[in-house]
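Containing mmCIF, C-alpha atoms and all ligand atoms: data29.cif.
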```
data_protein
#
loop_
_atom_site.label_atom_id
_atom_site.label_comp_id
_atom_site.auth_asym_id
_atom_site.auth_seq_id
_atom_site.Cartn_x
_atom_site.Cartn_y
_atom_site.Cartn_z
CA MET B 8 -136.90 -50.60 -63.94
CA SER B 9 -138.63 -51.82 -67.09
CA PHE B 10 -137.16 -55.33 -66.83
CA PRO B 11 -135.93 -55.63 -63.25
CA LEU B 12 -132.94 -57.71 -62.29
CA PHE B 13 -133.24 -59.42 -58.92
CA LEU B 14 -130.36 -60.67 -56.82
CA ALA B 15 -131.37 -64.21 -55.75
CA PRO B 16 -131.49 -64.83 -52.01
CA MET B 17 -128.58 -67.08 -51.07
CA ALA B 18 -127.94 -68.25 -47.54
CA GLY B 19 -124.43 -67.41 -46.38
CA VAL B 20 -123.87 -65.23 -49.45
CA THR B 21 -126.37 -62.39 -49.80
CA ASP B 22 -125.48 -60.63 -46.58
CA VAL B 23 -125.62 -56.88 -46.24
CA ILE B 24 -122.20 -56.41 -47.84
CA PHE B 25 -122.78 -58.52 -50.91
CA ARG B 26 -126.25 -57.07 -51.40
CA GLN B 27 -124.83 -53.56 -51.40
CA LEU B 28 -122.05 -54.52 -53.82
CA CYS B 29 -124.62 -56.01 -56.21
CA LYS B 30 -126.86 -52.97 -55.82
CA GLU B 31 -123.92 -50.75 -56.82
CA GLN B 32 -123.53 -52.97 -59.87
CA GLY B 33 -127.14 -52.43 -60.86
CA ALA B 34 -129.23 -55.13 -59.13
CA ASP B 35 -132.72 -53.64 -58.86
CA VAL B 36 -134.29 -55.74 -56.13
CA LEU B 37 -132.63 -57.42 -53.16
CA THR B 38 -133.82 -60.11 -50.79
CA THR B 39 -132.25 -61.30 -47.57
CA GLU B 40 -131.32 -64.94 -47.25
CA PHE B 41 -134.10 -67.07 -45.83
CA VAL B 42 -134.84 -66.68 -42.15
CA SER B 43 -136.86 -69.09 -40.06
CA ALA B 44 -140.10 -67.86 -38.53
CA ASP B 45 -138.98 -69.45 -35.26
CA GLY B 46 -135.67 -67.57 -35.34
CA ILE B 47 -137.59 -64.31 -35.71
CA LEU B 48 -139.96 -65.14 -32.90
CA HIS B 49 -137.08 -66.04 -30.59
CA ARG B 50 -135.34 -62.82 -31.66
CA ASN B 51 -131.96 -64.47 -31.63
CA GLU B 52 -128.86 -62.44 -32.44
CA ARG B 53 -128.02 -64.39 -35.60
CA THR B 54 -131.46 -63.75 -37.02
CA ARG B 55 -131.13 -60.07 -36.34
CA GLU B 56 -127.99 -60.02 -38.46
CA TYR B 57 -129.81 -61.82 -41.28
CA ILE B 58 -132.60 -59.26 -41.53
CA GLU B 59 -130.77 -56.01 -40.89
CA PHE B 60 -130.22 -53.81 -43.89
CA ASP B 61 -129.28 -50.24 -44.73
CA PRO B 62 -132.47 -48.48 -45.87
CA ALA B 63 -130.47 -45.79 -47.65
CA LEU B 64 -128.54 -48.26 -49.79
CA GLU B 65 -130.66 -51.36 -50.22
CA ARG B 66 -134.26 -50.55 -51.03
CA PRO B 67 -136.32 -52.10 -52.42
CA LEU B 68 -135.51 -55.05 -50.18
CA GLY B 69 -137.53 -58.05 -49.04
CA VAL B 70 -137.02 -60.26 -46.02
CA GLN B 71 -137.48 -63.91 -46.91
CA LEU B 72 -139.21 -66.15 -44.38
CA PHE B 73 -139.63 -69.89 -44.18
CA GLY B 74 -141.67 -72.09 -41.92
CA GLY B 75 -144.61 -74.46 -42.02
CA GLU B 76 -147.13 -73.03 -39.58
CA PRO B 77 -149.43 -70.30 -40.90
CA ALA B 78 -150.00 -68.53 -37.56
CA ARG B 79 -146.30 -68.51 -36.64
CA LEU B 80 -145.29 -67.25 -40.06
CA ALA B 81 -147.86 -64.47 -39.87
CA GLU B 82 -146.59 -63.52 -36.43
CA ALA B 83 -143.02 -63.58 -37.70
CA ALA B 84 -144.00 -61.37 -40.65
CA ARG B 85 -145.57 -58.84 -38.26
CA ALA B 86 -142.44 -58.90 -36.10
CA VAL B 87 -140.13 -58.37 -39.11
CA ILE B 88 -142.25 -55.49 -40.35
CA ASP B 89 -142.14 -53.87 -36.92
CA TRP B 90 -138.47 -54.55 -36.61
CA VAL B 91 -136.95 -53.44 -39.92
CA ARG B 92 -139.83 -52.31 -42.17
CA PRO B 93 -138.81 -54.11 -45.38
CA ASP B 94 -140.42 -53.24 -48.73
CA PHE B 95 -141.88 -56.72 -48.99
CA ILE B 96 -142.01 -60.06 -47.25
CA ASP B 97 -140.99 -63.00 -49.43
CA LEU B 98 -142.16 -66.53 -48.69
CA ASN B 99 -139.77 -69.37 -49.36
CA PHE B 100 -141.49 -72.36 -50.98
CA GLY B 101 -138.38 -73.60 -52.72
CA CYS B 102 -135.67 -74.59 -50.27
CA PRO B 103 -134.73 -78.27 -50.81
CA VAL B 104 -132.56 -78.67 -47.69
CA ASN B 105 -133.67 -81.56 -45.45
CA LYS B 106 -133.48 -79.58 -42.23
CA VAL B 107 -136.07 -77.17 -43.67
CA VAL B 108 -138.20 -79.69 -45.54
CA SER B 109 -138.50 -82.00 -42.52
CA LYS B 110 -140.15 -79.15 -40.60
CA ASN B 111 -142.71 -78.60 -43.38
CA GLY B 112 -140.86 -75.56 -44.68
CA GLY B 113 -139.51 -74.53 -48.09
CA SER B 114 -140.25 -76.85 -51.00
CA SER B 115 -142.11 -79.29 -48.76
CA LEU B 116 -145.19 -77.06 -49.11
CA LEU B 117 -145.24 -77.70 -52.87
CA ARG B 118 -146.70 -81.13 -52.08
CA ASP B 119 -149.18 -79.81 -49.56
CA CYS B 120 -151.08 -77.12 -51.46
CA PRO B 121 -153.80 -76.65 -48.80
CA LEU B 122 -151.11 -75.82 -46.22
CA LEU B 123 -149.23 -73.64 -48.71
CA GLU B 124 -152.45 -71.71 -49.31
CA ARG B 125 -153.07 -71.25 -45.57
CA VAL B 126 -149.51 -69.99 -45.11
CA ALA B 127 -149.89 -67.53 -47.98
CA LEU B 128 -153.30 -66.27 -46.78
CA ALA B 129 -152.10 -65.77 -43.21
CA VAL B 130 -148.95 -63.88 -44.21
CA VAL B 131 -150.75 -61.78 -46.84
CA GLU B 132 -153.25 -60.76 -44.18
CA ALA B 133 -150.44 -59.78 -41.80
CA GLY B 134 -148.67 -57.86 -44.57
CA SER B 135 -151.82 -56.07 -45.78
CA ALA B 136 -152.60 -54.85 -42.27
CA ALA B 137 -149.23 -53.07 -42.29
CA GLY B 138 -149.27 -52.06 -45.96
CA VAL B 139 -146.42 -54.42 -46.86
CA PRO B 140 -146.81 -56.64 -49.95
CA VAL B 141 -146.06 -60.35 -49.86
CA THR B 142 -144.20 -62.16 -52.64
CA ALA B 143 -143.12 -65.78 -52.97
CA LYS B 144 -140.36 -67.91 -54.44
CA ILE B 145 -141.09 -71.45 -55.58
CA ARG B 146 -139.51 -74.32 -57.43
CA ILE B 147 -141.43 -75.92 -60.30
CA GLY B 148 -142.54 -78.89 -58.21
CA TRP B 149 -141.47 -81.58 -55.79
CA ASP B 150 -140.14 -83.96 -58.45
CA GLU B 151 -140.36 -84.67 -62.16
CA LYS B 152 -143.65 -86.51 -61.72
CA SER B 153 -145.33 -83.76 -59.76
CA ILE B 154 -144.53 -80.52 -61.55
CA ASN B 155 -147.26 -78.19 -60.35
CA ALA B 156 -145.85 -74.67 -60.53
CA PRO B 157 -148.70 -73.26 -62.70
CA GLN B 158 -151.33 -74.49 -60.20
CA VAL B 159 -149.28 -73.29 -57.23
CA ALA B 160 -148.87 -69.92 -58.94
CA ARG B 161 -152.63 -69.52 -59.43
CA LEU B 162 -153.23 -70.47 -55.84
CA LEU B 163 -150.68 -67.93 -54.61
CA GLU B 164 -152.11 -65.24 -56.87
CA ASN B 165 -155.61 -65.91 -55.52
CA SER B 166 -154.23 -65.72 -51.98
CA GLY B 167 -153.01 -62.18 -52.60
CA VAL B 168 -149.32 -62.83 -53.27
CA GLN B 169 -148.19 -59.95 -55.47
CA ARG B 170 -145.16 -61.34 -57.31
CA LEU B 171 -143.68 -64.74 -57.84
CA ALA B 172 -140.11 -65.87 -58.48
CA VAL B 173 -139.81 -69.32 -60.03
CA HIS B 174 -136.61 -71.36 -59.90
CA GLY B 175 -136.96 -73.80 -62.79
CA ARG B 176 -135.88 -76.92 -60.92
CA THR B 177 -137.76 -79.47 -58.84
CA LYS B 178 -136.93 -80.09 -55.20
CA ALA B 179 -135.62 -83.53 -56.16
CA GLN B 180 -133.13 -81.97 -58.57
CA GLY B 181 -131.42 -79.91 -55.91
CA TYR B 182 -129.00 -77.93 -58.06
CA SER B 183 -128.34 -80.66 -60.62
CA GLY B 184 -129.50 -80.78 -64.22
CA GLU B 185 -130.84 -77.68 -65.89
CA ALA B 186 -133.51 -75.18 -64.98
CA ASN B 187 -136.67 -75.85 -66.98
CA TRP B 188 -137.63 -72.53 -68.53
CA ASP B 189 -140.58 -74.07 -70.40
CA VAL B 190 -142.34 -74.51 -67.08
CA ILE B 191 -141.33 -70.98 -66.03
CA ALA B 192 -142.96 -69.73 -69.25
CA GLU B 193 -146.11 -71.74 -68.45
CA VAL B 194 -146.28 -70.10 -65.04
CA ALA B 195 -145.84 -66.64 -66.58
CA ALA B 196 -148.74 -67.38 -68.91
CA ALA B 197 -150.94 -68.80 -66.13
CA VAL B 198 -151.10 -65.75 -63.83
CA LYS B 199 -151.44 -61.98 -64.04
CA ILE B 200 -148.98 -61.14 -61.25
CA PRO B 201 -145.38 -60.54 -62.36
CA VAL B 202 -143.37 -63.73 -62.66
CA ILE B 203 -139.61 -63.50 -62.19
CA GLY B 204 -137.66 -66.29 -63.88
CA ASN B 205 -134.71 -67.89 -62.13
CA GLY B 206 -132.18 -70.58 -62.87
CA ASP B 207 -128.84 -70.85 -64.66
CA ILE B 208 -128.65 -67.28 -65.93
CA ALA B 209 -124.94 -66.82 -66.62
CA SER B 210 -124.72 -63.79 -68.90
CA ALA B 211 -126.46 -60.75 -70.31
CA HIS B 212 -127.22 -62.85 -73.41
CA ASP B 213 -129.07 -65.34 -71.24
CA VAL B 214 -131.13 -62.54 -69.71
CA LYS B 215 -132.12 -61.19 -73.12
CA HIS B 216 -132.97 -64.66 -74.37
CA ARG B 217 -135.21 -65.39 -71.37
CA ARG B 218 -136.81 -61.95 -71.55
CA ASP B 219 -137.63 -62.50 -75.21
CA THR B 220 -138.85 -66.08 -74.95
CA ALA B 221 -140.25 -66.86 -71.49
CA GLY B 222 -142.78 -64.06 -70.96
CA VAL B 223 -141.28 -63.22 -67.58
CA ALA B 224 -141.47 -59.75 -66.03
CA GLY B 225 -137.87 -59.88 -64.77
CA VAL B 226 -135.11 -62.32 -63.92
CA MET B 227 -133.35 -63.34 -60.74
CA ILE B 228 -129.63 -64.07 -60.75
CA GLY B 229 -127.83 -66.07 -58.09
CA ARG B 230 -124.61 -68.00 -58.56
CA ALA B 231 -123.41 -66.05 -61.59
CA ALA B 232 -123.35 -62.89 -59.47
CA MET B 233 -120.99 -64.59 -57.02
CA THR B 234 -118.35 -64.85 -59.75
CA ALA B 235 -119.30 -61.77 -61.74
CA PRO B 236 -121.31 -59.20 -59.78
CA TRP B 237 -120.98 -56.87 -62.79
CA ILE B 238 -123.47 -59.13 -64.60
CA PHE B 239 -126.14 -56.65 -63.50
CA SER B 240 -124.52 -53.55 -65.03
CA GLN B 241 -123.42 -55.45 -68.11
CA THR B 242 -126.95 -56.75 -68.65
CA LYS B 243 -128.50 -53.33 -68.23
CA ALA B 244 -126.17 -51.82 -70.81
CA TYR B 245 -126.74 -54.71 -73.19
CA LEU B 246 -130.53 -54.55 -72.91
CA ALA B 247 -130.47 -50.79 -73.40
CA THR B 248 -128.03 -50.56 -76.32
CA GLY B 249 -127.64 -54.05 -77.81
CA GLU B 250 -123.91 -53.76 -77.20
CA MET B 251 -122.04 -55.80 -74.63
CA PRO B 252 -119.67 -53.74 -72.50
CA PRO B 253 -116.40 -55.52 -71.74
CA ALA B 254 -116.13 -57.35 -68.44
CA PRO B 255 -113.86 -55.61 -65.91
CA GLY B 256 -110.16 -56.30 -66.37
CA LEU B 257 -108.08 -58.29 -63.92
CA GLU B 258 -107.01 -55.24 -61.94
CA GLU B 259 -110.58 -54.09 -61.47
CA ARG B 260 -111.65 -57.58 -60.47
CA TRP B 261 -109.00 -57.74 -57.79
CA ALA B 262 -109.96 -54.29 -56.55
CA MET B 263 -113.56 -55.49 -56.13
CA ILE B 264 -112.49 -58.66 -54.34
CA LEU B 265 -110.19 -56.78 -51.97
CA ARG B 266 -112.89 -54.23 -51.24
CA HIS B 267 -115.31 -57.03 -50.37
CA CYS B 268 -112.70 -58.55 -48.04
CA ARG B 269 -112.03 -55.24 -46.29
CA LEU B 270 -115.74 -54.60 -45.82
CA ALA B 271 -116.18 -58.11 -44.41
CA VAL B 272 -113.36 -57.58 -41.92
CA ALA B 273 -114.66 -54.15 -40.91
CA ARG B 274 -118.15 -55.50 -40.31
CA ARG B 275 -117.15 -58.51 -38.29
CA ARG B 276 -118.40 -57.85 -34.78
CA HIS B 277 -116.75 -60.85 -33.20
CA GLY B 278 -113.76 -62.98 -34.09
CA GLY B 279 -111.73 -60.36 -35.97
CA GLU B 280 -109.85 -60.51 -39.23
CA ARG B 281 -108.94 -64.18 -39.17
CA ALA B 282 -112.54 -65.31 -38.71
CA ALA B 283 -113.81 -62.86 -41.31
CA MET B 284 -111.27 -64.02 -43.88
CA SER B 285 -111.90 -67.65 -43.16
CA SER B 286 -115.61 -67.15 -43.84
CA MET B 287 -114.68 -65.31 -47.06
CA ARG B 288 -112.83 -68.32 -48.49
CA ALA B 289 -115.80 -69.90 -50.24
CA ARG B 290 -116.62 -66.49 -51.70
CA LEU B 291 -113.06 -66.12 -52.97
CA MET B 292 -113.35 -69.46 -54.77
CA ALA B 293 -116.40 -68.13 -56.60
CA TYR B 294 -114.81 -64.76 -57.38
CA THR B 295 -111.74 -66.32 -58.94
CA ARG B 296 -113.57 -68.93 -61.02
CA GLY B 297 -112.38 -68.66 -64.61
CA MET B 298 -109.30 -66.60 -63.77
CA GLU B 299 -106.03 -67.66 -65.33
CA GLY B 300 -103.87 -69.77 -63.05
CA GLY B 301 -107.03 -70.52 -61.10
CA ARG B 302 -105.92 -73.80 -59.61
CA ASN B 303 -102.78 -72.43 -58.04
CA LEU B 304 -104.65 -69.34 -56.95
CA ARG B 305 -107.40 -71.28 -55.24
CA GLY B 306 -104.80 -73.35 -53.44
CA GLN B 307 -103.47 -70.13 -51.90
CA LEU B 308 -106.89 -68.69 -51.17
CA SER B 309 -108.07 -71.83 -49.40
CA HIS B 310 -106.05 -70.89 -46.33
CA VAL B 311 -105.90 -67.12 -46.53
CA SER B 312 -106.44 -65.48 -43.15
CA SER B 313 -105.59 -61.80 -43.43
CA ILE B 314 -106.02 -58.81 -45.71
CA THR B 315 -102.25 -58.49 -46.07
CA GLU B 316 -102.05 -62.04 -47.38
CA MET B 317 -104.89 -61.29 -49.78
CA GLU B 318 -103.10 -58.21 -51.05
CA ASP B 319 -99.93 -60.24 -51.63
CA ILE B 320 -101.84 -62.95 -53.50
CA ALA B 321 -103.57 -60.33 -55.65
CA THR B 322 -100.31 -58.50 -56.44
CA ARG B 323 -98.52 -61.72 -57.39
CA HIS B 324 -101.41 -62.87 -59.55
CA LEU B 325 -101.59 -59.51 -61.29
CA ASP B 326 -97.83 -59.50 -61.91
CA GLU B 327 -97.99 -62.98 -63.39
CA HIS B 328 -101.08 -62.55 -65.52
CA LYS B 329 -101.69 -58.92 -66.31
CA ILE B 330 -99.02 -58.64 -68.97
CA ALA B 331 -100.13 -61.87 -70.61
CA GLY B 332 -103.72 -60.56 -70.56
CA GLU B 333 -102.71 -57.21 -72.05
CA VAL B 334 -100.74 -58.86 -74.82
CA ALA B 335 -103.65 -61.17 -75.55
CA THR B 336 -106.02 -58.21 -75.98
CA LEU B 337 -103.50 -56.39 -78.23
CA VAL B 338 -103.00 -59.30 -80.58
C1 LIG Z 1 -125.43 -71.01 -51.60
C2 LIG Z 1 -126.88 -70.86 -51.97
C3 LIG Z 1 -127.80 -70.48 -51.00
C4 LIG Z 1 -129.16 -70.33 -51.34
N1 LIG Z 1 -130.03 -69.88 -50.38
C5 LIG Z 1 -131.32 -69.58 -50.74
C6 LIG Z 1 -132.21 -68.95 -49.83
O1 LIG Z 1 -131.86 -68.62 -48.67
N2 LIG Z 1 -133.48 -68.70 -50.25
C7 LIG Z 1 -133.91 -69.04 -51.51
O2 LIG Z 1 -135.07 -68.79 -51.85
N3 LIG Z 1 -133.08 -69.62 -52.39
C8 LIG Z 1 -131.81 -69.88 -52.05
N4 LIG Z 1 -130.94 -70.40 -52.99
C9 LIG Z 1 -131.41 -70.62 -54.37
C10 LIG Z 1 -131.15 -69.37 -55.25
O3 LIG Z 1 -131.92 -68.27 -54.78
C11 LIG Z 1 -131.51 -69.64 -56.72
O4 LIG Z 1 -132.87 -70.01 -56.78
C12 LIG Z 1 -130.66 -70.76 -57.33
O5 LIG Z 1 -129.30 -70.61 -57.00
C13 LIG Z 1 -130.83 -70.80 -58.86
O6 LIG Z 1 -130.42 -69.58 -59.44
P1 LIG Z 1 -128.97 -69.42 -60.15
O7 LIG Z 1 -128.86 -70.50 -61.18
O8 LIG Z 1 -129.01 -68.04 -60.75
O9 LIG Z 1 -127.95 -69.57 -59.08
C14 LIG Z 1 -129.60 -70.59 -52.66
C15 LIG Z 1 -128.67 -71.00 -53.62
C16 LIG Z 1 -127.33 -71.12 -53.30
C17 LIG Z 1 -126.34 -71.53 -54.37
#
```

Representation of the structure as structure tokens:
Amino acid sequence: MSFPLFLAPMAGVTDVIFRQLCKEQGADVLTTEFVSADGILHRNERTREYIEFDPALERPLGVQLFGGEPARLAEAARAVIDWVRPDFIDLNFGCPVNKVVSKNGGSSLLRDCPLLERVALAVVEAGSAAGVPVTAKIRIGWDEKSINAPQVARLLENSGVQRLAVHGRTKAQGYSGEANWDVIAEVAAAVKIPVIGNGDIASAHDVKHRRDTAGVAGVMIGRAAMTAPWIFSQTKAYLATGEMPPAPGLEERWAMILRHCRLAVARRRHGGERAAMSSMRARLMAYTRGMEGGRNLRGQLSHVSSITEMEDIATRHLDEHKIAGEVATLV
């Protein structure tokens, strides 16, 4: 793991199935989606689903927590450690969503450094007592006028946080504009703990470029993995040999998509196939981005409700486009 590739935590996306699929593709480090400290302390069923993982298939794995009260977060960290024994606890200081920010969680702590420090100290103490390291994920600042990631990074390092992922956007940006890798590089230069760069990585070339220019110890990949989970294996091969392996062909892509669907249906505890497939729809949109005939395809996928329908859609799409694809590669 000389230059580790992290799967970015993504709420509603990086569940146990997707994490395992990305791990198979070569992701080195996994993190659950963010979980509220209150949810943990109330031990609600939903939260349990968020933090469960398969120790044989998913390590190293971190559970990501958010909240705004140091004592509650520390208690939640102790409960998670007792409950599932993750390899690390990750603190979320980046979430821009109003529901989280209004409760002093996520990126809101970037504009209250004393509170951020108290949160980090309390959770690091809880983690140390159990031998579990604490990491953090931040954005570069609240807004363009208050970019403070290097200071926040030093503060977190001094609080005992052992690794830091930096998404190169401000809270105010949401997901618009571009990730600012200059600031990520400043953070990497400002601290001794490993800094993992995150934001807009779309290919193995991007990974190599950031590795060579930003001084980061690894990168974290989010949205690109939703369309192309093989980005991890492709990147590994490219970094090791300098040669880019071809992306999987259409048939292989459909096989991956169908496998994901079947796993999702099999795992669904309540609601059955229809509910599982309806919650897969957004994922299917991401998986088919860039495919030929995408518009028509996405029209069909937007109301898919069974595996049989999925298989029919895949077969039709393959019939229509495989030959064209094969001819194109022969020419
Ligand atoms: C649907 C979605 C859900 C996300 N949920 C989380 C989350 O739970 N915790 C977190 O730290 N970041 C979350 N993020 C942010 C990603 O981890 C990542 O920082 C961001 O997508 C930028 O990386 P990318 O350009 O590689 O996607 C989420 C992003 C998306 C698109």

Within-9 Å residues of ligand LIG 1 (chain Z), basis all atoms listed in the file, as a count of residues only: 49

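Put simply, atom CA of Val194 of chain B is 13.6 Å away from atom CA of Arg217 of chain B.
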
Go through B:Arg66, B:His328, B:Arg305, B:Lys30 and flag the residue nearest Ile238 of chain B, using only C-alpha atoms for the distances. B:Lys30

Tell me, as a list in words, which residues lie within 8 Å of segment 130-136 of chain B, counting all atoms listed in the file; anything in the same chain fewer than 4 positions away does not count. Pro77, Leu80, Ala81, Glu82, Ala84, Arg85, Ile96, Val126, Pro140, Val141, Ser166, Gly167 and Val168 of chain B

Just the number, please: distance in Å from atom CA of Val107 of chain B to atom CA of Arg288 of chain B, one decimal. 25.3 Å

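Distance-wise, atom CA of Arg269 of chain B and atom CA of Glu316 of chain B end up 12.1 Å apart.
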
Find the residues of segment 231-301 of chain B that sit at most 12 Å from segment 307-312 of chain B; for each, write down the nearest two atoms and how far apart they are in Å, to one decimal. Count all atoms listed in the file. Sort by chain, then by number going up, and give it as a tab-separated table.
```
residue	atom	partner	partner_atom	distance
B:Ile264	CA	B:Leu308	CA	11.9
B:Cys268	CA	B:Ser312	CA	10.5
B:Val272	CA	B:Ser312	CA	10.6
B:Gly278	CA	B:Ser312	CA	11.9
B:Gly279	CA	B:Ser312	CA	10.3
B:Glu280	CA	B:Ser312	CA	7.2
B:Arg281	CA	B:Ser312	CA	4.9
B:Ala282	CA	B:Ser312	CA	7.5
B:Ala283	CA	B:Ser312	CA	8.0
B:Met284	CA	B:Ser312	CA	5.1
B:Ser285	CA	B:Ser312	CA	5.9
B:Ser286	CA	B:Ser312	CA	9.3
B:Met287	CA	B:Val311	CA	9.0
B:Arg288	CA	B:Ser309	CA	6.0
B:Ala289	CA	B:Ser309	CA	8.0
B:Arg290	CA	B:Leu308	CA	10.0
B:Leu291	CA	B:Leu308	CA	6.9
B:Met292	CA	B:Leu308	CA	7.4
B:Ala293	CA	B:Leu308	CA	11.0
B:Tyr294	CA	B:Leu308	CA	10.8
B:Thr295	CA	B:Leu308	CA	9.5
B:Arg296	CA	B:Leu308	CA	11.9
B:Gly300	CA	B:Gln307	CA	11.2
B:Gly301	CA	B:Gln307	CA	9.9
```

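Residue nearest Ile154 of chain B, chosen from B:Arg125, B:Pro236, B:Leu68, B:Asp189 and counting only C-alpha atoms: B:Asp189.
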
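Minimum atom-to-atom distance to Ile320 of chain B, evaluated using all atoms listed in the file, belongs to B:Asn303 out of B:Ile47, B:Trp237, B:Asn303, B:Ser114.
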
If we draw a sphere of 9 Å around (-105.2, -58.4, -51.0), which residues have at least one atom in it when counting only C-alpha atoms? Please report them as a list in words. Trp261, Ala262, Ile264, Leu265, Arg266, Cys268, Arg269, Ser313, Ile314, Thr315, Glu316, Met317, Glu318, Asp319, Ile320, Ala321 and Thr322 of chain B

Skip segment 190-193 of chain B itself and residues of its chain fewer than 2 positions away, then list as a PDB file with C-alpha atoms, in the coordinates of the input all residues within 8 Å of it, counting all atoms listed in the file.
```
ATOM      1  CA  ILE B 147    -141.430 -75.920 -60.300  1.00  0.00           C
ATOM      2  CA  ALA B 156    -145.850 -74.670 -60.530  1.00  0.00           C
ATOM      3  CA  PRO B 157    -148.700 -73.260 -62.700  1.00  0.00           C
ATOM      4  CA  VAL B 173    -139.810 -69.320 -60.030  1.00  0.00           C
ATOM      5  CA  HIS B 174    -136.610 -71.360 -59.900  1.00  0.00           C
ATOM      6  CA  GLY B 175    -136.960 -73.800 -62.790  1.00  0.00           C
ATOM      7  CA  ASN B 187    -136.670 -75.850 -66.980  1.00  0.00           C
ATOM      8  CA  TRP B 188    -137.630 -72.530 -68.530  1.00  0.00           C
ATOM      9  CA  ALA B 195    -145.840 -66.640 -66.580  1.00  0.00           C
ATOM     10  CA  ALA B 196    -148.740 -67.380 -68.910  1.00  0.00           C
ATOM     11  CA  ALA B 197    -150.940 -68.800 -66.130  1.00  0.00           C
ATOM     12  CA  GLY B 204    -137.660 -66.290 -63.880  1.00  0.00           C
ATOM     13  CA  THR B 220    -138.850 -66.080 -74.950  1.00  0.00           C
ATOM     14  CA  ALA B 221    -140.250 -66.860 -71.490  1.00  0.00           C
ATOM     15  CA  GLY B 222    -142.780 -64.060 -70.960  1.00  0.00           C
ATOM     16  CA  VAL B 223    -141.280 -63.220 -67.580  1.00  0.00           C
TER      17      VAL B 223
END
```

For each of B:Phe95, B:Gly184, B:Thr242, B:Gln32, take the minimum atom-to-atom distance to His216 of chain B, counting all atoms listed in the file, then give the residue where this is smallest. B:Thr242

Polymer residues at most 10 Å from Val104 of chain B, only C-alpha atoms, same-chain spacing of 5 or more positions, as a PDB file with C-alpha atoms, in the frame of the given file:
```pdb
ATOM      1  CA  SER B 109    -138.500 -82.000 -42.520  1.00  0.00           C
ATOM      2  CA  GLY B 112    -140.860 -75.560 -44.680  1.00  0.00           C
ATOM      3  CA  GLY B 113    -139.510 -74.530 -48.090  1.00  0.00           C
ATOM      4  CA  SER B 114    -140.250 -76.850 -51.000  1.00  0.00           C
ATOM      5  CA  SER B 115    -142.110 -79.290 -48.760  1.00  0.00           C
ATOM      6  CA  LYS B 178    -136.930 -80.090 -55.200  1.00  0.00           C
ATOM      7  CA  GLY B 181    -131.420 -79.910 -55.910  1.00  0.00           C
TER       8      GLY B 181
END
```

Which neighbours of Pro253 of chain B fall inside 8 Å, counting all atoms listed in the file, when residues of the same chain fewer than 2 positions from it are skipped, and could you give them as a PyMOL selection string? chain B and resi 241+251+255

Suppose we keep C-alpha atoms; can you now write the selection as a tab-separated table (two decimals), keeping the file's coordinate frame?
```tsv
chain	number	residue	atom	x	y	z
B	241	GLN	CA	-123.42	-55.45	-68.11
B	251	MET	CA	-122.04	-55.80	-74.63
B	255	PRO	CA	-113.86	-55.61	-65.91
```

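For the set B:Ala247, B:Gly297, B:Lys106, B:Pro93, the residue with the smallest atom-to-atom gap to Ala63 of chain B is B:Pro93, counting all atoms listed in the file.
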